[in-house]
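S.K.: My structure file work21.cif, mmCIF, N, CA and C atoms, is below:
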data_model
#
loop_
_atom_site.label_atom_id
_atom_site.label_comp_id
_atom_site.auth_asym_id
_atom_site.auth_seq_id
_atom_site.Cartn_x
_atom_site.Cartn_y
_atom_site.Cartn_z
N MET X 1 89.96 55.69 75.43
CA MET X 1 90.26 55.43 76.83
C MET X 1 90.80 56.71 77.46
N ASN X 2 90.23 57.10 78.57
CA ASN X 2 90.65 58.30 79.27
C ASN X 2 91.50 57.90 80.47
N THR X 3 92.82 58.07 80.35
CA THR X 3 93.72 57.70 81.45
C THR X 3 93.91 58.84 82.43
N ALA X 4 93.40 60.03 82.10
CA ALA X 4 93.57 61.17 83.00
C ALA X 4 92.81 60.97 84.30
N SER X 5 91.74 60.18 84.29
CA SER X 5 90.96 59.98 85.51
C SER X 5 91.58 58.94 86.45
N LYS X 6 92.49 58.12 85.93
CA LYS X 6 93.14 57.10 86.76
C LYS X 6 94.47 57.64 87.28
N PRO X 7 94.73 57.52 88.55
CA PRO X 7 95.99 58.03 89.10
C PRO X 7 97.17 57.13 88.74
N PHE X 8 98.34 57.72 88.70
CA PHE X 8 99.58 56.97 88.47
C PHE X 8 100.09 56.55 89.84
N ALA X 9 99.73 55.33 90.26
CA ALA X 9 100.05 54.88 91.61
C ALA X 9 100.29 53.37 91.62
N ARG X 10 101.03 52.91 92.64
CA ARG X 10 101.28 51.48 92.80
C ARG X 10 100.00 50.78 93.23
N SER X 11 99.79 49.60 92.67
CA SER X 11 98.59 48.83 92.98
C SER X 11 98.69 48.19 94.36
N LEU X 12 97.58 48.20 95.08
CA LEU X 12 97.53 47.52 96.37
C LEU X 12 97.05 46.08 96.21
N ASN X 13 96.28 45.81 95.17
CA ASN X 13 95.69 44.49 94.98
C ASN X 13 96.44 43.63 93.97
N ASP X 14 97.04 44.24 92.96
CA ASP X 14 97.71 43.51 91.88
C ASP X 14 99.21 43.72 92.00
N ARG X 15 99.81 43.06 92.99
CA ARG X 15 101.24 43.25 93.19
C ARG X 15 101.95 41.92 93.36
N MET X 16 103.16 41.88 92.83
CA MET X 16 104.04 40.73 93.03
C MET X 16 105.13 41.12 94.04
N ILE X 17 105.70 42.30 93.86
CA ILE X 17 106.71 42.80 94.79
C ILE X 17 106.21 44.08 95.44
N ALA X 18 106.13 45.15 94.65
CA ALA X 18 105.73 46.44 95.22
C ALA X 18 104.50 47.04 94.56
N GLY X 19 103.97 46.40 93.54
CA GLY X 19 102.78 46.91 92.87
C GLY X 19 103.05 47.89 91.76
N VAL X 20 104.32 48.07 91.39
CA VAL X 20 104.68 49.03 90.35
C VAL X 20 104.09 48.62 89.01
N MET X 21 104.33 47.40 88.57
CA MET X 21 103.83 46.94 87.28
C MET X 21 102.31 46.84 87.28
N GLY X 22 101.73 46.41 88.39
CA GLY X 22 100.28 46.35 88.49
C GLY X 22 99.66 47.74 88.40
N GLY X 23 100.29 48.73 88.99
CA GLY X 23 99.80 50.10 88.93
C GLY X 23 99.88 50.69 87.55
N ILE X 24 101.00 50.44 86.87
CA ILE X 24 101.15 50.94 85.49
C ILE X 24 100.14 50.26 84.58
N ALA X 25 99.99 48.95 84.72
CA ALA X 25 99.03 48.21 83.90
C ALA X 25 97.60 48.70 84.15
N HIS X 26 97.26 48.94 85.40
CA HIS X 26 95.91 49.43 85.74
C HIS X 26 95.67 50.81 85.14
N ARG X 27 96.66 51.67 85.21
CA ARG X 27 96.53 53.04 84.68
C ARG X 27 96.22 53.07 83.19
N TYR X 28 96.88 52.19 82.43
CA TYR X 28 96.73 52.20 80.98
C TYR X 28 95.80 51.11 80.45
N GLY X 29 95.24 50.30 81.33
CA GLY X 29 94.32 49.26 80.90
C GLY X 29 95.00 48.06 80.26
N TRP X 30 96.23 47.82 80.61
CA TRP X 30 97.01 46.70 80.06
C TRP X 30 96.93 45.50 80.99
N SER X 31 97.40 44.36 80.50
CA SER X 31 97.51 43.16 81.31
C SER X 31 98.76 43.26 82.19
N ALA X 32 98.58 43.12 83.50
CA ALA X 32 99.71 43.22 84.42
C ALA X 32 100.70 42.08 84.20
N THR X 33 100.19 40.89 83.90
CA THR X 33 101.06 39.75 83.67
C THR X 33 101.92 39.97 82.43
N LEU X 34 101.31 40.43 81.36
CA LEU X 34 102.07 40.69 80.13
C LEU X 34 103.11 41.78 80.35
N LEU X 35 102.75 42.83 81.07
CA LEU X 35 103.69 43.90 81.36
C LEU X 35 104.87 43.39 82.19
N ARG X 36 104.60 42.54 83.16
CA ARG X 36 105.68 41.96 83.98
C ARG X 36 106.63 41.12 83.12
N VAL X 37 106.05 40.28 82.25
CA VAL X 37 106.87 39.43 81.38
C VAL X 37 107.73 40.29 80.47
N LEU X 38 107.15 41.32 79.86
CA LEU X 38 107.92 42.20 78.98
C LEU X 38 109.02 42.93 79.75
N PHE X 39 108.71 43.35 80.96
CA PHE X 39 109.71 44.05 81.78
C PHE X 39 110.89 43.14 82.10
N VAL X 40 110.61 41.88 82.43
CA VAL X 40 111.67 40.93 82.74
C VAL X 40 112.52 40.66 81.50
N ILE X 41 111.87 40.47 80.36
CA ILE X 41 112.62 40.21 79.12
C ILE X 41 113.52 41.39 78.77
N VAL X 42 112.97 42.61 78.84
CA VAL X 42 113.78 43.80 78.53
C VAL X 42 114.91 43.96 79.55
N SER X 43 114.64 43.67 80.81
CA SER X 43 115.67 43.79 81.85
C SER X 43 116.80 42.79 81.61
N ILE X 44 116.46 41.56 81.27
CA ILE X 44 117.48 40.55 81.00
C ILE X 44 118.29 40.92 79.77
N ALA X 45 117.62 41.42 78.74
CA ALA X 45 118.30 41.81 77.50
C ALA X 45 119.24 42.98 77.73
N SER X 46 118.99 43.79 78.74
CA SER X 46 119.85 44.94 79.01
C SER X 46 120.75 44.70 80.22
N ALA X 47 121.08 43.46 80.46
CA ALA X 47 121.98 43.06 81.55
C ALA X 47 121.37 43.28 82.93
N ALA X 48 120.05 43.39 83.03
CA ALA X 48 119.26 43.43 84.26
C ALA X 48 119.46 44.69 85.11
N PHE X 49 120.64 45.26 85.19
CA PHE X 49 120.86 46.38 86.10
C PHE X 49 119.96 47.58 85.82
N PRO X 50 119.85 48.06 84.56
CA PRO X 50 118.97 49.21 84.33
C PRO X 50 117.51 48.92 84.70
N GLY X 51 117.04 47.71 84.42
CA GLY X 51 115.67 47.36 84.75
C GLY X 51 115.42 47.37 86.24
N ILE X 52 116.36 46.84 86.99
CA ILE X 52 116.23 46.83 88.45
C ILE X 52 116.28 48.26 88.99
N LEU X 53 117.15 49.07 88.44
CA LEU X 53 117.26 50.47 88.87
C LEU X 53 115.98 51.24 88.57
N VAL X 54 115.41 51.05 87.38
CA VAL X 54 114.16 51.71 87.02
C VAL X 54 113.05 51.27 87.97
N TYR X 55 112.97 49.98 88.26
CA TYR X 55 111.94 49.47 89.15
C TYR X 55 112.08 50.09 90.55
N LEU X 56 113.29 50.14 91.06
CA LEU X 56 113.51 50.72 92.39
C LEU X 56 113.14 52.21 92.43
N ILE X 57 113.48 52.93 91.37
CA ILE X 57 113.13 54.35 91.32
C ILE X 57 111.62 54.53 91.29
N LEU X 58 110.94 53.73 90.45
CA LEU X 58 109.48 53.81 90.41
C LEU X 58 108.87 53.43 91.75
N TRP X 59 109.43 52.44 92.42
CA TRP X 59 108.94 52.02 93.74
C TRP X 59 109.01 53.19 94.72
N LEU X 60 110.10 53.94 94.66
CA LEU X 60 110.27 55.07 95.57
C LEU X 60 109.39 56.27 95.21
N LEU X 61 109.17 56.51 93.91
CA LEU X 61 108.45 57.70 93.49
C LEU X 61 106.94 57.55 93.38
N MET X 62 106.47 56.34 93.10
CA MET X 62 105.03 56.14 92.92
C MET X 62 104.34 55.94 94.27
N PRO X 63 103.30 56.71 94.53
CA PRO X 63 102.56 56.50 95.78
C PRO X 63 101.66 55.27 95.68
N ASN X 64 101.22 54.74 96.80
CA ASN X 64 100.23 53.67 96.80
C ASN X 64 98.90 54.22 96.34
N GLU X 65 98.13 53.38 95.64
CA GLU X 65 96.82 53.83 95.21
C GLU X 65 95.90 53.97 96.42
N GLN X 66 94.90 54.82 96.28
CA GLN X 66 93.94 55.03 97.35
C GLN X 66 92.84 53.99 97.23
N ASP X 67 92.33 53.53 98.35
CA ASP X 67 91.23 52.55 98.33
C ASP X 67 89.95 53.17 97.86
#
Could you write out this structure as structure tokens?

M.R.:
Amino acid sequence: MNTASKPFARSLNDRMIAGVMGGIAHRYGWSATLLRVLFVIVSIASAAFPGILVYLILWLLMPNEQD
């Protein structure tokens, strides 16, 4: 799998909140639903604050994908 051709960007079509998880899943060819579930589990296990902070930072730094 060649991920260099896919941009690291927030998804416009596969989004629940801001498209961060959908964009990451699209970039690496993963399931967006599975990635979201894993992110929530890890966030809850780490008292939620670091997960929310990481998500907000990614939301600010990742551009929207191009159509």

S.K.: Edge lengths and centre, in Å to one decimal, as AutoDock Vina command-line options: that's what I need for the box along x, y and z that holds all listed atoms of segment 39-47 of chain X plus 6 Å on each side.

M.R.:
--center_x 115.3 --center_y 42.6 --center_z 80.2 --size_x 25.3 --size_y 16.7 --size_z 17.4

S.K.: Report as a list in words the full result of the PyMOL selection byres (((chain X and resi 8-11 and name CA) around 8) and name CA) when it is applied to this structure.

M.R.: Lys6, Pro7, Leu12, Asn13, Asp14, Arg15, Ala18, Gly19, Val20, Met21, Gly22, Gly23, Ile24, His26, Arg27, Trp59, Met62, Pro63, Asn64 and Glu65 of chain X

S.K.: Would you compute the distance between atom C of Ser46 of chain X and atom N of Ile17 of chain X? Give it in Å to one decimal.

M.R.: 20.5 Å

S.K.: If I take atom CA of Val40 of chain X and atom N of Ile52 of chain X, how far is one from the other in Å, to one decimal?

M.R.: 8.7 Å

S.K.: Among segment 4-58 of chain X, which ones does DSSP assign to alpha helix (DSSP H) (computed from the backbone)? Answer as a PyMOL selection string.

M.R.: chain X and resi 20-28+32-45+49-58

S.K.: Take the residues that were just selected and, keeping N, CA and C atoms, output them as a compact mmCIF listing (two decimals), keeping the file's coordinate frame.

M.R.:
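Just written: part-v1.txt:
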# COMPACT_ATOMS: atom_id res chain seq x y z
N VAL X 20 104.32 48.07 91.39
CA VAL X 20 104.68 49.03 90.35
C VAL X 20 104.09 48.62 89.01
N MET X 21 104.33 47.40 88.57
CA MET X 21 103.83 46.94 87.28
C MET X 21 102.31 46.84 87.28
N GLY X 22 101.73 46.41 88.39
CA GLY X 22 100.28 46.35 88.49
C GLY X 22 99.66 47.74 88.40
N GLY X 23 100.29 48.73 88.99
CA GLY X 23 99.80 50.10 88.93
C GLY X 23 99.88 50.69 87.55
N ILE X 24 101.00 50.44 86.87
CA ILE X 24 101.15 50.94 85.49
C ILE X 24 100.14 50.26 84.58
N ALA X 25 99.99 48.95 84.72
CA ALA X 25 99.03 48.21 83.90
C ALA X 25 97.60 48.70 84.15
N HIS X 26 97.26 48.94 85.40
CA HIS X 26 95.91 49.43 85.74
C HIS X 26 95.67 50.81 85.14
N ARG X 27 96.66 51.67 85.21
CA ARG X 27 96.53 53.04 84.68
C ARG X 27 96.22 53.07 83.19
N TYR X 28 96.88 52.19 82.43
CA TYR X 28 96.73 52.20 80.98
C TYR X 28 95.80 51.11 80.45
N ALA X 32 98.58 43.12 83.50
CA ALA X 32 99.71 43.22 84.42
C ALA X 32 100.70 42.08 84.20
N THR X 33 100.19 40.89 83.90
CA THR X 33 101.06 39.75 83.67
C THR X 33 101.92 39.97 82.43
N LEU X 34 101.31 40.43 81.36
CA LEU X 34 102.07 40.69 80.13
C LEU X 34 103.11 41.78 80.35
N LEU X 35 102.75 42.83 81.07
CA LEU X 35 103.69 43.90 81.36
C LEU X 35 104.87 43.39 82.19
N ARG X 36 104.60 42.54 83.16
CA ARG X 36 105.68 41.96 83.98
C ARG X 36 106.63 41.12 83.12
N VAL X 37 106.05 40.28 82.25
CA VAL X 37 106.87 39.43 81.38
C VAL X 37 107.73 40.29 80.47
N LEU X 38 107.15 41.32 79.86
CA LEU X 38 107.92 42.20 78.98
C LEU X 38 109.02 42.93 79.75
N PHE X 39 108.71 43.35 80.96
CA PHE X 39 109.71 44.05 81.78
C PHE X 39 110.89 43.14 82.10
N VAL X 40 110.61 41.88 82.43
CA VAL X 40 111.67 40.93 82.74
C VAL X 40 112.52 40.66 81.50
N ILE X 41 111.87 40.47 80.36
CA ILE X 41 112.62 40.21 79.12
C ILE X 41 113.52 41.39 78.77
N VAL X 42 112.97 42.61 78.84
CA VAL X 42 113.78 43.80 78.53
C VAL X 42 114.91 43.96 79.55
N SER X 43 114.64 43.67 80.81
CA SER X 43 115.67 43.79 81.85
C SER X 43 116.80 42.79 81.61
N ILE X 44 116.46 41.56 81.27
CA ILE X 44 117.48 40.55 81.00
C ILE X 44 118.29 40.92 79.77
N ALA X 45 117.62 41.42 78.74
CA ALA X 45 118.30 41.81 77.50
C ALA X 45 119.24 42.98 77.73
N PHE X 49 120.64 45.26 85.19
CA PHE X 49 120.86 46.38 86.10
C PHE X 49 119.96 47.58 85.82
N PRO X 50 119.85 48.06 84.56
CA PRO X 50 118.97 49.21 84.33
C PRO X 50 117.51 48.92 84.70
N GLY X 51 117.04 47.71 84.42
CA GLY X 51 115.67 47.36 84.75
C GLY X 51 115.42 47.37 86.24
N ILE X 52 116.36 46.84 86.99
CA ILE X 52 116.23 46.83 88.45
C ILE X 52 116.28 48.26 88.99
N LEU X 53 117.15 49.07 88.44
CA LEU X 53 117.26 50.47 88.87
C LEU X 53 115.98 51.24 88.57
N VAL X 54 115.41 51.05 87.38
CA VAL X 54 114.16 51.71 87.02
C VAL X 54 113.05 51.27 87.97
N TYR X 55 112.97 49.98 88.26
CA TYR X 55 111.94 49.47 89.15
C TYR X 55 112.08 50.09 90.55
N LEU X 56 113.29 50.14 91.06
CA LEU X 56 113.51 50.72 92.39
C LEU X 56 113.14 52.21 92.43
N ILE X 57 113.48 52.93 91.37
CA ILE X 57 113.13 54.35 91.32
C ILE X 57 111.62 54.53 91.29
N LEU X 58 110.94 53.73 90.45
CA LEU X 58 109.48 53.81 90.41
C LEU X 58 108.87 53.43 91.75

S.K.: What is the distance between atom C of Ile57 of chain X and atom N of Arg36 of chain X, in Å to one decimal?

M.R.: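 It comes out at 16.1 Å.
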